[in-house]
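Quick look at upload-v7.cif (mmCIF, C-alpha atoms):
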data_structure
#
loop_
_atom_site.label_atom_id
_atom_site.label_comp_id
_atom_site.auth_asym_id
_atom_site.auth_seq_id
_atom_site.Cartn_x
_atom_site.Cartn_y
_atom_site.Cartn_z
CA TYR A 1 20.54 6.63 -18.74
CA GLY A 2 19.01 4.93 -15.74
CA ILE A 3 20.88 3.68 -12.71
CA ASN A 4 24.32 2.50 -13.70
CA GLY A 5 26.15 2.63 -10.42
CA THR A 6 25.76 2.87 -6.67
CA PRO A 7 24.00 6.14 -5.74
CA ILE A 8 26.17 8.69 -3.92
CA MET A 9 23.53 8.87 -1.16
CA SER A 10 24.40 5.28 -0.19
CA LYS A 11 27.59 6.68 1.37
CA ALA A 12 25.68 8.99 3.74
CA PRO A 13 25.71 7.97 7.41
CA GLY A 14 22.50 6.24 8.44
CA VAL A 15 21.52 5.25 4.89
CA THR A 16 21.18 1.53 4.28
CA LEU A 17 19.95 0.61 0.83
CA PRO A 18 17.31 -0.57 0.03
CA PHE A 19 15.86 -0.20 3.54
CA SER A 20 16.22 3.59 3.66
CA SER A 21 13.73 4.04 0.81
CA PRO A 22 10.01 3.43 1.10
CA PHE A 23 8.46 0.64 -0.93
CA ASP A 24 7.18 1.80 -4.28
CA PHE A 25 3.47 1.42 -3.56
CA MET A 26 2.42 2.56 -7.03
CA HIS A 27 4.25 -0.24 -8.82
CA MET A 28 3.26 -2.79 -6.19
CA LEU A 29 -0.38 -1.80 -6.77
CA GLU A 30 -0.02 -1.79 -10.56
CA ASN A 31 1.62 -5.22 -10.62
CA THR A 32 -0.93 -6.75 -8.26
CA CYS A 33 -3.87 -5.37 -10.28
CA SER A 34 -2.29 -6.43 -13.57
CA ASN A 35 -1.51 -9.94 -12.34
CA TYR A 36 -4.96 -10.40 -10.83
CA VAL A 37 -6.62 -9.38 -14.12
CA LYS A 38 -4.29 -11.77 -15.99
CA HIS A 39 -5.34 -14.54 -13.60
CA ILE A 40 -9.04 -14.10 -14.23
CA CYS A 41 -8.36 -13.86 -17.99
CA GLY A 42 -6.39 -17.11 -17.94
CA GLU A 43 -3.22 -15.32 -19.10
CA PHE A 44 -1.06 -15.46 -15.99
CA LYS A 45 2.33 -17.08 -16.65
CA GLY A 46 0.82 -19.97 -18.55
CA LEU A 47 -1.08 -21.21 -15.50
CA ASP A 48 -4.58 -22.55 -15.74
CA ALA A 49 -7.21 -22.28 -13.01
CA GLY A 50 -6.18 -25.59 -11.47
CA ARG A 51 -9.12 -27.12 -9.64
CA GLU A 52 -10.99 -23.81 -9.49
CA SER A 53 -13.12 -22.14 -12.18
CA TYR A 54 -12.45 -18.41 -11.80
CA ILE A 55 -11.27 -17.76 -15.39
CA LEU A 56 -13.74 -15.70 -17.40
CA PRO A 57 -14.23 -16.86 -21.02
CA PRO A 58 -12.96 -14.64 -23.88
CA ALA A 59 -16.53 -13.77 -24.96
CA ILE A 60 -17.25 -12.34 -21.50
CA TRP A 61 -13.98 -10.38 -21.57
CA LYS A 62 -15.02 -8.95 -24.93
CA GLU A 63 -18.31 -7.76 -23.38
CA ILE A 64 -16.45 -6.33 -20.38
CA GLY A 65 -14.00 -4.53 -22.68
CA ARG A 66 -16.83 -3.04 -24.72
CA ALA A 67 -18.69 -1.99 -21.57
CA THR A 68 -15.48 -0.40 -20.25
CA THR A 69 -15.08 1.85 -23.28
CA ASN A 70 -18.82 2.62 -23.38
CA ALA A 71 -18.75 3.67 -19.72
CA ASN A 72 -16.02 6.26 -20.31
CA SER A 73 -18.50 8.92 -21.35
CA THR A 74 -20.50 8.43 -18.14
CA ILE A 75 -17.63 8.86 -15.68
CA PRO A 76 -16.40 12.39 -14.89
CA SER A 77 -12.77 13.02 -15.84
CA VAL A 78 -12.00 13.98 -12.24
CA PHE A 79 -11.89 10.21 -11.55
CA GLY A 80 -9.11 9.68 -14.11
CA HIS A 81 -8.50 9.52 -17.83
CA ARG A 82 -10.51 7.40 -20.27
CA ILE A 83 -9.94 3.69 -19.81
CA LEU A 84 -9.06 1.55 -22.81
CA ASP A 85 -10.67 -1.77 -23.70
CA VAL A 86 -9.52 -4.05 -20.87
CA SER A 87 -9.94 -7.14 -23.07
CA LYS A 88 -7.60 -5.95 -25.84
CA GLU A 89 -5.48 -2.99 -24.74
CA ARG A 90 -4.14 -3.78 -21.27
CA THR A 91 -0.56 -3.37 -22.50
CA PHE A 92 -1.29 0.37 -22.62
CA PHE A 93 -2.70 0.49 -19.07
CA THR A 94 -0.86 2.66 -16.57
CA CYS A 95 -1.05 2.38 -12.81
CA GLU A 96 -3.83 4.97 -12.91
CA SER A 97 -5.71 2.93 -15.53
CA TYR A 98 -5.54 -0.20 -13.40
CA LEU A 99 -6.52 1.68 -10.26
CA VAL A 100 -9.55 3.28 -11.92
CA TRP A 101 -10.60 0.09 -13.72
CA CYS A 102 -10.16 -2.16 -10.68
CA THR A 103 -11.89 0.10 -8.18
CA LEU A 104 -14.55 1.93 -10.22
CA TYR A 105 -15.37 -0.13 -13.30
CA ALA A 106 -14.71 -3.74 -12.28
CA PRO A 107 -17.05 -3.94 -9.27
CA ILE A 108 -19.95 -3.38 -11.66
CA LEU A 109 -18.56 -5.06 -14.79
CA LEU A 110 -17.54 -8.25 -12.97
CA ARG A 111 -20.76 -8.62 -10.96
CA ASN A 112 -22.48 -11.93 -11.78
CA ARG A 113 -19.75 -12.83 -14.29
CA PHE A 114 -17.88 -15.44 -12.26
CA SER A 115 -19.02 -19.04 -12.04
CA ARG A 116 -19.14 -18.83 -8.24
CA PRO A 117 -19.96 -15.87 -5.95
CA LYS A 118 -16.81 -16.47 -3.88
CA TYR A 119 -14.64 -15.26 -6.79
CA TYR A 120 -16.51 -11.98 -6.98
CA GLY A 121 -16.30 -11.70 -3.18
CA HIS A 122 -12.54 -12.18 -3.41
CA TRP A 123 -12.33 -9.46 -6.07
CA MET A 124 -14.37 -7.09 -3.91
CA LEU A 125 -12.13 -7.76 -0.91
CA PHE A 126 -9.20 -6.79 -3.16
CA VAL A 127 -10.98 -3.55 -4.13
CA SER A 128 -11.69 -2.82 -0.48
CA ILE A 129 -8.02 -3.35 0.38
CA ILE A 130 -6.94 -0.97 -2.38
CA ASN A 131 -9.43 1.70 -1.31
CA ARG A 132 -8.39 1.49 2.34
CA SER A 133 -4.69 1.43 1.42
CA ILE A 134 -4.90 4.79 -0.32
CA CYS A 135 -6.85 6.55 2.45
CA PHE A 136 -5.16 9.67 3.74
CA LYS A 137 -6.24 9.09 7.32
CA THR A 138 -6.74 5.84 9.22
CA THR A 139 -7.06 4.74 12.80
CA LYS A 140 -5.02 1.99 14.43
CA ALA A 141 -8.11 -0.25 14.43
CA GLU A 142 -8.62 0.34 10.68
CA ARG A 143 -4.96 -0.49 9.97
CA ASP A 144 -5.21 -3.64 12.09
CA GLN A 145 -8.34 -4.70 10.17
CA LEU A 146 -6.59 -3.92 6.87
CA ARG A 147 -3.66 -6.16 7.84
CA MET A 148 -6.05 -9.01 8.68
CA ASP A 149 -7.95 -8.52 5.40
CA ILE A 150 -4.72 -8.52 3.36
CA LYS A 151 -3.70 -11.75 5.04
CA ARG A 152 -7.15 -13.27 4.38
CA TRP A 153 -7.11 -12.12 0.75
CA TYR A 154 -3.67 -13.64 0.20
CA GLN A 155 -4.63 -16.93 1.85
CA GLU A 156 -7.77 -17.18 -0.30
CA TYR A 157 -5.71 -16.28 -3.38
CA GLU A 158 -3.33 -19.15 -2.65
CA GLU A 159 -6.15 -21.72 -2.23
#
I need this file expressed as structure tokens, please.
Amino acid sequence: YGINGTPIMSKAPGVTLPFSSPFDFMHMLENTCSNYVKHICGEFKGLDAGRESYILPPAIWKEIGRATTNANSTIPSVFGHRILDVSKERTFFTCESYLVWCTLYAPILLRNRFSRPKYYGHWMLFVSIINRSICFKTTKAERDQLRMDIKRWYQEYEE
């Protein structure tokens, strides 16, 4: 099961692994969403918030988790499957779960929850980047702006 050898396609002329395959955007998105949520929960690789104060207390996460499950009945299924309690059941989240939670639920559930508005602004920039990254059609100017916003988001994330 799984990959246990060099794929036969690697022998084809013009194929250079891994550069001949597109990046796996789905997993990149899932990992970024998951890690960002872990950061604001204070559960990311044993790191604390350092000199910042962006970590939301467990009581707030409990409220957010409860509000997440309560909101399920108000969101049409066309937007995705029911989302589990983000405070307790993230291990069962799929890429779709993270995408739906981060872009549809979180903008409302995280509003006025952070200690400083800049943290919510950073989250909303992240949501904007996700939404623009999955657009079917973009202009060169929109892609240029997206690149600048990704760079800005990353720089703010590293601060």
* Asked: A:Phe114, A:Ile108, A:Phe92, A:Trp153: which is nearest A:Ser128, counting all atoms listed in the file?
  -> A:Trp153
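Selection result for the displayed file, with the PyMOL selection byres ((chain A and resi 143-149) around 10) as criterion, is Leu125, Phe126, Ser128, Ile129, Ile130, Arg132, Ser133, Thr138, Thr139, Lys140, Ala141, Glu142, Ile150, Lys151, Arg152, Trp153, Tyr154 and Gln155 of chain A.
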* Residue among A:Phe136, A:Tyr120, A:Phe93, A:Phe79 lying closest to A:Ala106, counting all atoms listed in the file -> A:Tyr120
Near-A:Gly65 list (7 Å; only C-alpha atoms; drop same-chain fewer than 4 positions) as a compact mmCIF listing (two decimals) with C-alpha atoms, in the coordinates of the input:
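Okay, this is what ended up in selection_37.txt:
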# COMPACT_ATOMS: atom_id res chain seq x y z
CA TRP A 61 -13.98 -10.38 -21.57
CA THR A 69 -15.08 1.85 -23.28
CA ASP A 85 -10.67 -1.77 -23.70
CA VAL A 86 -9.52 -4.05 -20.87
CA SER A 87 -9.94 -7.14 -23.07
* To do: Spell out the residues picked by the PyMOL selection byres ((chain A and resi 36) around 12) here, as a ChimeraX atom specification.
  => /A:29-35,37-45,54-55,98,102,106,119,122-123,126-127,153-154,157
* Quick one, how far is atom CA of A:Thr74 from atom CA of A:Leu99? -> 17.4 Å
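Relative to atom CA of A:Met124, atom CA of A:Thr103 is found at 8.7 Å.
Rounded to one decimal, atom CA of A:Lys88 and atom CA of A:Lys62 lie 8.1 Å from each other.
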Return the padded bounding box of stretch 119-135 of chain A as lines of an AutoDock Vina configuration file: axis-aligned, built from all atoms listed in the file, 5 Å added on each side, with centre and edge lengths in Å to one decimal.
center_x = -10.6
center_y = -4.4
center_z = -2.3
size_x = 21.8
size_y = 31.8
size_z = 19.4
* Between A:Leu110, A:Cys135, A:Val15, A:Met9, which is the closest to A:Ile64 once you count all atoms listed in the file? -> A:Leu110
